[in-house]
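Visitor: Could you have a look at this structure, given as structure tokens, before my questions?
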Amino acid sequence: LKPLVRFLSFAVAGVDPEIMGIGPVYAVPKALTTPTGEGFLYRTDMRLRPWGRSGSLVVSVDGYLDYVKNHALLWEKQALLKARPIAGDMPLAARFLEEVQPHLFCAPVEEVRKTIRDMKSRIEQELQQKGRSWGEVKSGEGSIRDVEFVTQFLQMAHGGRHPEVRSFNTLRALVRLADFGFLQADEYRQLSTGYVFLRTIEHALQLMHNKQTHSLPEDERELAYLARRLDFPDTARFLAHYEQSCSSIRQIYEKYIEGAEQPVAVAPRVEPEAAPVIEGMEPSYAEIFSPDEIRGHKRLLDRLGEENIVEVEAVPRDDGTWRLTVVGFDQIGDLSMICGLLFVYGFDIVDGNVFTAEQVEAPTEPAAPGRFPGRR
């Protein structure tokens, strides 16, 4: 049987040679977490494997599939929603992820809801016992976990009939859930913007302390520094925004997870529509972009007018990059300016496409210097 983790080879400085005597399977986790003068590589928790501490560190694909099908607890299946390969035998990983999917979306909806509700309740009770009810960015009320648990609950509830909503990326999953009507538009906006905001706070906290922390600082000076780091003029405005964001997220969490045993609405399956035609585009445009992408472009295009000369949309992709779409009236130097701004702010452009088409709905006012009327 092929192992799920086949072989890892590291050249690691500062690791006691004695650990190599226990075999590479046990040496790798220690090498990943051993502190050195330059820090450490990754935090790893090897307990999160089939059968926990008593299970093998290396499991065959068939053995893992059997475990998920016949023995895994529901929270373990929930965790696998975010699984993705990062190194090694990619075809083997793809096979596992494909074959495990049917086992992740078969539990009764109310069982999923109760399991997630009980798990989150235990987490919050532990925080309360430690006197950490407020300011817990990752696990408190209205936290990162609330967003993720709502997203994962809706994925597990609908992913069986609608595989399109499956994604290991939380933001991408929220987009798909909203597209299929399982989240209201306003709920999608609050969850996605709140999630990005809370993740930004989390990253800033960990950079401040150089350790894994998820709590807002109690010290007033540290809190003021955090607010400035996040571009807020003062602590009061930062805390007001933080509390409003947490409150909005929590209300949505309570609707889907904490509420009464409300039935989960089943949206009708959306059949693919033919891609709209954008007049004036060269033939290669329809070859490069999918029908869904063209519909998105048309939606942005329809928003343009005399009072709105540009539309921008940024969507996360499953490979960790973002797809940035800019639609606007053509003006000399626009492309150079956009690329320059992305470069200045530290973004790398992996690939790109530029198309220009004549549109009759352009503004009727005289064109500004350097602008071509009617070209979008």
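Identifiers in this document derive from the order of the structure tokens: chains are assigned A, B, ..., residues are numbered from 1 separately in each chain, and ligands are numbered from 1 in order of occurrence.
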Find the residues near Gly142 in chain A: any atom within 12 Å, counting only C-alpha atoms, skip ones fewer than 2 places away on the same chain, and give them as a count of residues only.
Guide: 36
Visitor: Write out as a ChimeraX atom specification all residues of range 99-320 of chain A that backbone DSSP assigns to strand (DSSP E).
Guide: /A:310-316
Visitor: Name all residues at most 8 Å from Val109 in chain A (count only C-alpha atoms; drop same-chain ones fewer than 2 positions away) and give them as a PDB file with N, CA and C atoms, in the first residue's frame.
Guide:
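Writing the result to result_10.pdb gives the following:
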ATOM      1  N   ALA A 107     -23.626  13.256   6.673  1.00  0.00           N
ATOM      2  CA  ALA A 107     -24.233  13.264   8.009  1.00  0.00           C
ATOM      3  C   ALA A 107     -25.535  14.058   7.997  1.00  0.00           C
ATOM      4  N   GLU A 111     -27.524  16.750  13.053  1.00  0.00           N
ATOM      5  CA  GLU A 111     -26.369  16.192  13.762  1.00  0.00           C
ATOM      6  C   GLU A 111     -25.152  17.086  13.570  1.00  0.00           C
ATOM      7  N   VAL A 112     -24.977  17.579  12.354  1.00  0.00           N
ATOM      8  CA  VAL A 112     -23.866  18.492  12.077  1.00  0.00           C
ATOM      9  C   VAL A 112     -24.025  19.765  12.895  1.00  0.00           C
ATOM     10  N   ARG A 113     -25.237  20.315  12.894  1.00  0.00           N
ATOM     11  CA  ARG A 113     -25.484  21.552  13.629  1.00  0.00           C
ATOM     12  C   ARG A 113     -25.189  21.371  15.124  1.00  0.00           C
ATOM     13  N   MET A 156     -21.265  21.398   4.772  1.00  0.00           N
ATOM     14  CA  MET A 156     -21.614  20.014   5.082  1.00  0.00           C
ATOM     15  C   MET A 156     -23.107  19.765   4.880  1.00  0.00           C
ATOM     16  N   ALA A 157     -23.912  20.810   5.059  1.00  0.00           N
ATOM     17  CA  ALA A 157     -25.353  20.660   4.871  1.00  0.00           C
ATOM     18  C   ALA A 157     -25.728  20.576   3.397  1.00  0.00           C
ATOM     19  N   VAL A 264     -32.912  23.614   7.221  1.00  0.00           N
ATOM     20  CA  VAL A 264     -31.968  24.268   6.325  1.00  0.00           C
ATOM     21  C   VAL A 264     -32.618  24.407   4.961  1.00  0.00           C
TER      22      VAL A 264
END
Visitor: If you run DSSP on the backbone here, which positions in range 84-188 of chain A get alpha helix (DSSP H)? Please write them as a short mmCIF file (atom, residue, chain, number, x, y, z; two decimals) with C-alpha atoms, in the first residue's frame.
Guide:
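Dumped everything to states05.cif:
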data_model
loop_
_atom_site.label_atom_id
_atom_site.label_comp_id
_atom_site.auth_asym_id
_atom_site.auth_seq_id
_atom_site.Cartn_x
_atom_site.Cartn_y
_atom_site.Cartn_z
CA MET A 90 0.34 15.44 -5.71
CA PRO A 91 -1.51 12.79 -7.77
CA LEU A 92 -1.69 10.60 -4.66
CA ALA A 93 -3.03 13.51 -2.61
CA ALA A 94 -5.56 14.34 -5.32
CA ARG A 95 -6.76 10.74 -5.31
CA PHE A 96 -7.27 10.81 -1.55
CA LEU A 97 -9.13 14.14 -1.58
CA GLU A 98 -11.39 12.96 -4.41
CA GLU A 99 -12.23 9.65 -2.77
CA VAL A 100 -12.80 11.09 0.70
CA VAL A 109 -27.97 18.23 9.00
CA GLU A 110 -29.17 18.48 12.60
CA GLU A 111 -26.37 16.19 13.76
CA VAL A 112 -23.87 18.49 12.08
CA ARG A 113 -25.48 21.55 13.63
CA LYS A 114 -25.50 20.04 17.13
CA THR A 115 -21.91 18.82 16.88
CA ILE A 116 -20.64 22.23 15.81
CA ARG A 117 -22.76 24.02 18.41
CA ASP A 118 -21.54 21.77 21.24
CA MET A 119 -17.91 22.07 20.16
CA LYS A 120 -18.04 25.87 19.99
CA SER A 121 -19.85 26.02 23.33
CA ARG A 122 -17.08 24.00 24.99
CA ILE A 123 -14.43 26.30 23.52
CA GLU A 124 -16.22 29.39 24.84
CA GLN A 125 -16.76 27.84 28.27
CA GLU A 126 -13.04 27.11 28.55
CA LEU A 127 -12.26 30.72 27.67
CA GLN A 128 -14.71 31.96 30.31
CA GLN A 129 -13.12 29.75 32.95
CA ILE A 144 -12.77 33.74 13.29
CA ARG A 145 -14.13 30.38 14.42
CA ASP A 146 -17.71 31.63 14.20
CA VAL A 147 -17.19 32.52 10.53
CA GLU A 148 -15.46 29.23 9.78
CA PHE A 149 -18.04 27.13 11.62
CA VAL A 150 -20.97 28.79 9.81
CA THR A 151 -19.18 28.26 6.50
CA GLN A 152 -18.35 24.63 7.25
CA PHE A 153 -21.85 23.88 8.55
CA LEU A 154 -23.43 25.18 5.35
CA GLN A 155 -20.89 23.28 3.26
CA MET A 156 -21.61 20.01 5.08
CA ALA A 157 -25.35 20.66 4.87
CA HIS A 158 -25.39 21.38 1.13
CA THR A 170 -13.15 30.03 3.63
CA LEU A 171 -13.57 33.18 1.54
CA ARG A 172 -14.06 31.20 -1.66
CA ALA A 173 -16.60 28.96 0.08
CA LEU A 174 -18.55 32.03 1.24
CA VAL A 175 -18.70 33.30 -2.34
CA ARG A 176 -20.08 29.98 -3.55
CA LEU A 177 -22.60 29.67 -0.71
CA ALA A 178 -23.92 33.14 -1.52
CA ASP A 179 -24.04 32.40 -5.24
CA ALA A 185 -26.01 38.85 0.24
CA ASP A 186 -25.72 40.97 3.38
CA GLU A 187 -24.66 37.94 5.43
CA TYR A 188 -21.97 37.15 2.89
#
Visitor: Any idea what's packed within 12 Å of Arg47 in chain A, counting only C-alpha atoms, ignoring anything in its chain fewer than 3 positions away? Could you give it as a PyMOL selection string?
Guide: chain A and resi 29+44+50-57+76
Visitor: What lies within 9 Å of range 102-104 of chain A using only C-alpha atoms, ignoring chain neighbours under 5 positions off, as a list in words?
Guide: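 Selected residues are Leu65, Val68, Lys69, Leu74, Lys77, Gln78, Leu80, Leu81, Met156, Gly159 and Gly160 of chain A.
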Visitor: Please measure the separation of CA of Ile201 in chain A and CA of Ala227 in chain A, giving the value in Å to one decimal.
Guide: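 Result for CA of Ile201 in chain A versus CA of Ala227 in chain A: 9.2 Å, one decimal.
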Visitor: Using only C-alpha atoms, which of the listed residues (A:Cys106, A:Arg199, A:Leu304, A:Asp348) sits closest to Val327 in chain A?
Guide: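 For Val327 in chain A, the nearest of the given residues is A:Leu304.
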Visitor: Between A:Gly88, A:Thr200, A:His297, A:Gly131, which has the minimum distance to Tyr285 in chain A (counting only C-alpha atoms)?
Guide: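 Among the listed residues, A:His297 lies closest to Tyr285 in chain A.
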Visitor: Check the smallest atom-to-atom distance from each of A:Leu239, A:Ile294, A:Val58, A:Ala83 to Asn169 in chain A using only C-alpha atoms, then report the winner.
Guide: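 Ranking A:Leu239, A:Ile294, A:Val58, A:Ala83 by distance to Asn169 in chain A, first place goes to A:Ala83.
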